[in-house]
$ cat protein-v5.txt   # compact mmCIF, C-alpha atoms and all ligand atoms
# COMPACT_ATOMS: atom_id res chain seq x y z
CA MET A 1 0.00 0.00 0.00
CA GLY A 2 1.39 3.38 -0.93
CA HIS A 3 1.26 6.46 1.18
CA PRO A 4 -1.93 8.47 0.94
CA ILE A 5 -1.55 11.80 -0.79
CA ALA A 6 -0.63 14.38 1.84
CA ILE A 7 -3.62 16.57 2.55
CA GLU A 8 -2.91 19.73 4.44
CA GLU A 9 -5.16 19.59 7.46
CA ARG A 10 -6.92 22.67 8.72
CA PRO A 11 -6.09 23.24 12.40
CA VAL A 12 -9.12 22.85 14.67
CA GLU A 13 -8.82 26.44 15.89
CA HIS A 14 -9.14 27.68 12.32
CA GLY A 15 -12.23 25.58 11.66
CA ASP A 16 -13.78 26.82 14.91
CA ALA A 17 -12.95 30.42 14.07
CA LEU A 18 -14.47 30.12 10.58
CA ASN A 19 -17.70 28.75 12.06
CA LEU A 20 -17.84 31.57 14.57
CA LEU A 21 -17.09 34.19 11.91
CA ARG A 22 -19.92 32.86 9.73
CA ALA A 23 -22.30 33.20 12.68
CA LEU A 24 -21.05 36.71 13.55
CA ILE A 25 -21.55 37.83 9.95
CA ALA A 26 -25.04 36.32 9.77
CA GLU A 27 -26.08 38.04 13.00
CA ALA A 28 -24.58 41.47 12.27
CA PRO A 29 -26.99 44.32 11.48
CA GLY A 30 -25.20 45.18 8.22
CA PRO A 31 -22.06 44.59 6.15
CA LYS A 32 -19.96 47.29 7.84
CA ALA A 33 -20.71 45.98 11.32
CA ALA A 34 -20.09 42.42 10.10
CA ALA A 35 -16.65 43.29 8.72
CA GLN A 36 -15.78 45.08 11.99
CA ARG A 37 -16.78 41.99 13.99
CA VAL A 38 -14.55 39.84 11.80
CA VAL A 39 -11.43 41.96 12.37
CA ASP A 40 -12.19 42.22 16.10
CA GLU A 41 -12.60 38.45 16.39
CA LEU A 42 -9.40 37.71 14.46
CA HIS A 43 -7.48 40.11 16.69
CA ASN A 44 -8.96 38.73 19.91
CA ARG A 45 -8.54 35.04 19.03
CA PHE A 46 -5.05 34.98 17.61
CA GLY A 47 -2.28 36.47 19.72
CA HIS A 48 0.06 36.93 16.78
CA TYR A 49 -2.53 39.04 14.89
CA ASP A 50 -1.41 42.26 16.59
CA TRP A 51 -3.05 44.69 14.18
CA VAL A 52 -5.84 43.55 11.83
CA GLY A 53 -7.40 45.71 9.14
CA ILE A 54 -9.35 45.48 5.92
CA TYR A 55 -8.56 47.70 2.97
CA TRP A 56 -11.25 47.93 0.26
CA LEU A 57 -10.24 48.72 -3.30
CA ASP A 58 -11.56 51.95 -4.80
CA ALA A 59 -11.05 50.79 -8.38
CA ASP A 60 -11.85 54.21 -9.90
CA ALA A 61 -9.21 55.93 -7.77
CA GLY A 62 -6.76 53.01 -8.06
CA GLU A 63 -6.37 53.09 -4.29
CA LEU A 64 -6.91 50.89 -1.29
CA VAL A 65 -9.05 52.58 1.35
CA LEU A 66 -8.87 51.55 4.99
CA GLY A 67 -12.08 49.98 6.28
CA PRO A 68 -12.60 48.31 9.66
CA TRP A 69 -9.48 47.74 11.74
CA THR A 70 -8.54 46.86 15.27
CA GLY A 71 -5.23 47.07 17.09
CA PRO A 72 -3.26 49.18 19.52
CA GLU A 73 -2.81 52.17 17.19
CA ALA A 74 -4.37 53.87 14.18
CA THR A 75 -2.37 53.88 10.95
CA GLU A 76 -1.62 57.00 8.93
CA HIS A 77 -1.88 54.86 5.76
CA THR A 78 -5.62 55.15 5.24
CA ARG A 79 -5.30 55.30 1.43
CA ILE A 80 -2.63 53.29 -0.41
CA PRO A 81 -2.20 53.45 -4.19
CA LEU A 82 -2.25 50.11 -6.05
CA GLY A 83 1.31 48.82 -6.37
CA VAL A 84 2.61 50.79 -3.38
CA GLY A 85 3.73 49.03 -0.20
CA ILE A 86 3.15 45.39 0.62
CA CYS A 87 -0.58 46.13 0.61
CA GLY A 88 -0.49 47.66 -2.85
CA ALA A 89 1.65 44.78 -4.15
CA ALA A 90 -0.80 42.12 -2.96
CA ALA A 91 -3.77 44.01 -4.41
CA ALA A 92 -2.00 44.51 -7.77
CA SER A 93 -0.88 40.88 -8.12
CA GLY A 94 -3.82 39.16 -6.40
CA ARG A 95 -1.32 37.07 -4.44
CA THR A 96 -0.98 36.67 -0.69
CA GLU A 97 2.15 38.38 0.62
CA ILE A 98 4.00 37.07 3.67
CA VAL A 99 6.91 39.22 4.85
CA ASP A 100 9.03 37.64 7.60
CA ASP A 101 11.10 40.77 8.23
CA VAL A 102 9.56 44.06 7.18
CA THR A 103 12.86 45.90 7.75
CA ALA A 104 14.39 43.85 4.91
CA ASP A 105 11.58 44.53 2.40
CA PRO A 106 12.08 47.76 0.44
CA ARG A 107 8.36 47.87 -0.44
CA TYR A 108 7.30 48.11 3.20
CA LEU A 109 5.29 51.17 4.25
CA ALA A 110 5.93 51.62 7.96
CA CYS A 111 2.88 52.01 10.18
CA PHE A 112 3.91 50.93 13.68
CA ALA A 113 7.34 50.92 15.31
CA SER A 114 6.58 47.50 16.83
CA THR A 115 5.88 45.70 13.53
CA ARG A 116 8.35 42.99 12.48
CA SER A 117 6.31 40.87 10.07
CA GLU A 118 3.18 41.19 7.95
CA ILE A 119 0.68 39.13 5.96
CA VAL A 120 -1.62 40.58 3.31
CA VAL A 121 -4.36 38.42 1.78
CA PRO A 122 -6.41 39.64 -1.19
CA ILE A 123 -10.22 39.51 -1.12
CA PHE A 124 -11.76 38.46 -4.44
CA ALA A 125 -15.25 38.92 -5.84
CA GLU A 126 -16.27 37.85 -9.33
CA GLY A 127 -12.65 37.10 -10.17
CA HIS A 128 -11.32 40.54 -9.24
CA VAL A 129 -9.48 41.88 -6.21
CA VAL A 130 -11.93 44.00 -4.22
CA GLY A 131 -9.89 44.41 -1.05
CA GLU A 132 -7.53 42.68 1.32
CA ILE A 133 -6.89 41.64 4.88
CA ASP A 134 -3.72 43.21 6.33
CA ILE A 135 -2.22 41.83 9.55
CA ASP A 136 0.89 43.11 11.32
CA GLY A 137 2.87 41.23 13.95
CA SER A 138 5.43 42.26 16.51
CA ASP A 139 7.40 39.01 16.11
CA ALA A 140 9.61 38.27 13.11
CA ALA A 141 8.25 35.53 10.83
CA ALA A 142 4.94 35.45 12.72
CA TYR A 143 2.96 34.17 9.68
CA GLY A 144 3.14 31.07 7.53
CA GLU A 145 1.20 29.07 4.98
CA THR A 146 -1.34 27.92 7.59
CA ASP A 147 -2.26 31.55 8.30
CA ALA A 148 -2.42 32.21 4.56
CA ARG A 149 -4.84 29.32 3.86
CA PHE A 150 -7.01 30.31 6.85
CA LEU A 151 -7.11 33.99 5.95
CA GLU A 152 -7.93 33.15 2.32
CA GLU A 153 -11.05 31.40 3.66
CA VAL A 154 -11.81 34.45 5.83
CA ALA A 155 -11.35 36.64 2.73
CA ALA A 156 -14.05 34.64 0.94
CA LEU A 157 -16.43 35.38 3.85
CA LEU A 158 -15.58 39.09 3.63
CA ALA A 159 -16.08 39.49 -0.13
CA PRO A 160 -19.90 39.89 0.08
CA LEU A 161 -19.40 42.62 2.72
CA ARG A 162 -17.53 44.98 0.39
CA PRO A 163 -18.88 48.52 0.04
CA ARG A 164 -20.96 48.91 -3.12
CA PRO A 165 -21.79 52.07 -5.06
CA GLY A 166 -24.94 53.56 -3.62
CA GLY A 167 -24.91 51.09 -0.75
N1 LIG B 1 2.66 48.01 5.97
C1 LIG B 1 1.70 48.17 4.92
C2 LIG B 1 0.91 49.43 5.08
C3 LIG B 1 -0.32 49.27 5.92
S1 LIG B 1 -0.02 49.22 7.59
O1 LIG B 1 0.69 47.93 7.87
C4 LIG B 1 -1.44 49.17 8.44
C5 LIG B 1 2.39 48.13 3.56
O2 LIG B 1 3.60 48.03 3.49
O3 LIG B 1 1.69 48.22 2.56
$ encode --input "protein-v5.txt" --output "structure tokens"
Amino acid sequence: MGHPIAIEERPVEHGDALNLLRALIAEAPGPKAAAQRVVDELHNRFGHYDWVGIYWLDADAGELVLGPWTGPEATEHTRIPLGVGICGAAAASGRTEIVDDVTADPRYLACFASTRSEIVVPIFAEGHVVGEIDIDGSDAAAYGETDARFLEEVAALLAPLRPRPGG
């Protein structure tokens, strides 16, 4: 008998969190409140998610606009042009960015003195990037592939919550 094909297993805490996030979204009074609850829950549940924010893409302006966030400090980067910073790179390419050491990445836009590593996960709707989840950590190399797969599932839950014209 050969070895079974390796299937990457989802950690129990990620499955539990996804179930809770689905419930929080369903119970929220509207999309903005739902997205805020998601970032709050991610921040509260996972100690290495020190700052958690959502940027929504304003496609007409070619900029990411800060939406709900939670963390110890506000960021001055409330609008980020596509292609600028780690956030702008992930939105332009549609690929998750994991930066183990922000001080070694020339693209990095500094927000907080305490940040050492960062993960940015695009949010897709109808095949296009509509936003992203941005998480900063105070430890180097705080994020890995398991975080990426989890946050990509969270991104799929967030996509229907994006701001719409007139809504
Ligand atoms: N560091 C990001 C900017 C956003 S703050 O982390 C909240 C970047 O390099 O794009």
$ closest_residue --input "protein-v5.txt" --among "A:Ala148, A:Leu109, A:Leu157, A:Leu57" --to "ligand LIG 1 (chain B)" --atoms "only C-alpha atoms and all ligand atoms"
A:Leu109
$ closest_atom_pairs --input "protein-v5.txt" --of "chain A" --to "ligand LIG 1 (chain B)" --cutoff "7 Å" --atoms "all atoms listed in the file" --output "tab-separated table"
residue	atom	partner	partner_atom	distance
A:Gly53	CA	B:LIG1	C4	6.9
A:Thr75	CA	B:LIG1	C4	5.4
A:His77	CA	B:LIG1	C3	5.8
A:Val84	CA	B:LIG1	O3	6.5
A:Gly85	CA	B:LIG1	O3	3.5
A:Ile86	CA	B:LIG1	O3	3.7
A:Cys87	CA	B:LIG1	O3	3.7
A:Gly88	CA	B:LIG1	O3	5.9
A:Arg107	CA	B:LIG1	O2	6.2
A:Tyr108	CA	B:LIG1	O2	3.7
A:Leu109	CA	B:LIG1	O2	3.6
A:Ala110	CA	B:LIG1	N1	5.3
A:Cys111	CA	B:LIG1	S1	4.8
A:Asp134	CA	B:LIG1	O1	6.6
A:Ile135	CA	B:LIG1	O1	7.0
A:Asp136	CA	B:LIG1	O1	5.9
$ atom_distance --input "protein-v5.txt" --atom1 "CA of Trp56 (chain A)" --atom2 "CA of Arg22 (chain A)"
19.8 Å
$ residues_near_point --input "protein-v5.txt" --point "(-14.0, 36.1, 11.9)" --cutoff "6 Å" --atoms "all atoms listed in the file" --output "JSON, numbers by chain"
{"A": [21, 38, 41, 42]}
$ atom_distance --input "protein-v5.txt" --atom1 "CA of Ile133 (chain A)" --atom2 "CA of Val52 (chain A)"
7.3 Å
$ closest_residue --input "protein-v5.txt" --among "A:Leu66, A:Pro122, A:Arg149, A:Tyr55" --to "Pro11 (chain A)" --atoms "only C-alpha atoms"
A:Arg149
$ residues_around --input "protein-v5.txt" --residues "Glu118 (chain A)" --least-positions-apart "3" --cutoff "10 Å" --atoms "only C-alpha atoms" --output "list in words"
Tyr49, Asp50, Trp51, Ile86, Cys87, Glu97, Ile98, Val99, Asp100, Asp101, Val102, Tyr108, Thr115, Asp134, Ile135, Asp136, Gly137, Ser138, Asp139, Ala140, Ala141, Ala142 and Tyr143 of chain A
$ decode --input "protein-v5.txt" --residues "region 68-164 of chain A" --atoms "C-alpha atoms" --output "compact mmCIF listing (two decimals), in the first residue's frame"
# COMPACT_ATOMS: atom_id res chain seq x y z
CA PRO A 68 -12.60 48.31 9.66
CA TRP A 69 -9.48 47.74 11.74
CA THR A 70 -8.54 46.86 15.27
CA GLY A 71 -5.23 47.07 17.09
CA PRO A 72 -3.26 49.18 19.52
CA GLU A 73 -2.81 52.17 17.19
CA ALA A 74 -4.37 53.87 14.18
CA THR A 75 -2.37 53.88 10.95
CA GLU A 76 -1.62 57.00 8.93
CA HIS A 77 -1.88 54.86 5.76
CA THR A 78 -5.62 55.15 5.24
CA ARG A 79 -5.30 55.30 1.43
CA ILE A 80 -2.63 53.29 -0.41
CA PRO A 81 -2.20 53.45 -4.19
CA LEU A 82 -2.25 50.11 -6.05
CA GLY A 83 1.31 48.82 -6.37
CA VAL A 84 2.61 50.79 -3.38
CA GLY A 85 3.73 49.03 -0.20
CA ILE A 86 3.15 45.39 0.62
CA CYS A 87 -0.58 46.13 0.61
CA GLY A 88 -0.49 47.66 -2.85
CA ALA A 89 1.65 44.78 -4.15
CA ALA A 90 -0.80 42.12 -2.96
CA ALA A 91 -3.77 44.01 -4.41
CA ALA A 92 -2.00 44.51 -7.77
CA SER A 93 -0.88 40.88 -8.12
CA GLY A 94 -3.82 39.16 -6.40
CA ARG A 95 -1.32 37.07 -4.44
CA THR A 96 -0.98 36.67 -0.69
CA GLU A 97 2.15 38.38 0.62
CA ILE A 98 4.00 37.07 3.67
CA VAL A 99 6.91 39.22 4.85
CA ASP A 100 9.03 37.64 7.60
CA ASP A 101 11.10 40.77 8.23
CA VAL A 102 9.56 44.06 7.18
CA THR A 103 12.86 45.90 7.75
CA ALA A 104 14.39 43.85 4.91
CA ASP A 105 11.58 44.53 2.40
CA PRO A 106 12.08 47.76 0.44
CA ARG A 107 8.36 47.87 -0.44
CA TYR A 108 7.30 48.11 3.20
CA LEU A 109 5.29 51.17 4.25
CA ALA A 110 5.93 51.62 7.96
CA CYS A 111 2.88 52.01 10.18
CA PHE A 112 3.91 50.93 13.68
CA ALA A 113 7.34 50.92 15.31
CA SER A 114 6.58 47.50 16.83
CA THR A 115 5.88 45.70 13.53
CA ARG A 116 8.35 42.99 12.48
CA SER A 117 6.31 40.87 10.07
CA GLU A 118 3.18 41.19 7.95
CA ILE A 119 0.68 39.13 5.96
CA VAL A 120 -1.62 40.58 3.31
CA VAL A 121 -4.36 38.42 1.78
CA PRO A 122 -6.41 39.64 -1.19
CA ILE A 123 -10.22 39.51 -1.12
CA PHE A 124 -11.76 38.46 -4.44
CA ALA A 125 -15.25 38.92 -5.84
CA GLU A 126 -16.27 37.85 -9.33
CA GLY A 127 -12.65 37.10 -10.17
CA HIS A 128 -11.32 40.54 -9.24
CA VAL A 129 -9.48 41.88 -6.21
CA VAL A 130 -11.93 44.00 -4.22
CA GLY A 131 -9.89 44.41 -1.05
CA GLU A 132 -7.53 42.68 1.32
CA ILE A 133 -6.89 41.64 4.88
CA ASP A 134 -3.72 43.21 6.33
CA ILE A 135 -2.22 41.83 9.55
CA ASP A 136 0.89 43.11 11.32
CA GLY A 137 2.87 41.23 13.95
CA SER A 138 5.43 42.26 16.51
CA ASP A 139 7.40 39.01 16.11
CA ALA A 140 9.61 38.27 13.11
CA ALA A 141 8.25 35.53 10.83
CA ALA A 142 4.94 35.45 12.72
CA TYR A 143 2.96 34.17 9.68
CA GLY A 144 3.14 31.07 7.53
CA GLU A 145 1.20 29.07 4.98
CA THR A 146 -1.34 27.92 7.59
CA ASP A 147 -2.26 31.55 8.30
CA ALA A 148 -2.42 32.21 4.56
CA ARG A 149 -4.84 29.32 3.86
CA PHE A 150 -7.01 30.31 6.85
CA LEU A 151 -7.11 33.99 5.95
CA GLU A 152 -7.93 33.15 2.32
CA GLU A 153 -11.05 31.40 3.66
CA VAL A 154 -11.81 34.45 5.83
CA ALA A 155 -11.35 36.64 2.73
CA ALA A 156 -14.05 34.64 0.94
CA LEU A 157 -16.43 35.38 3.85
CA LEU A 158 -15.58 39.09 3.63
CA ALA A 159 -16.08 39.49 -0.13
CA PRO A 160 -19.90 39.89 0.08
CA LEU A 161 -19.40 42.62 2.72
CA ARG A 162 -17.53 44.98 0.39
CA PRO A 163 -18.88 48.52 0.04
CA ARG A 164 -20.96 48.91 -3.12
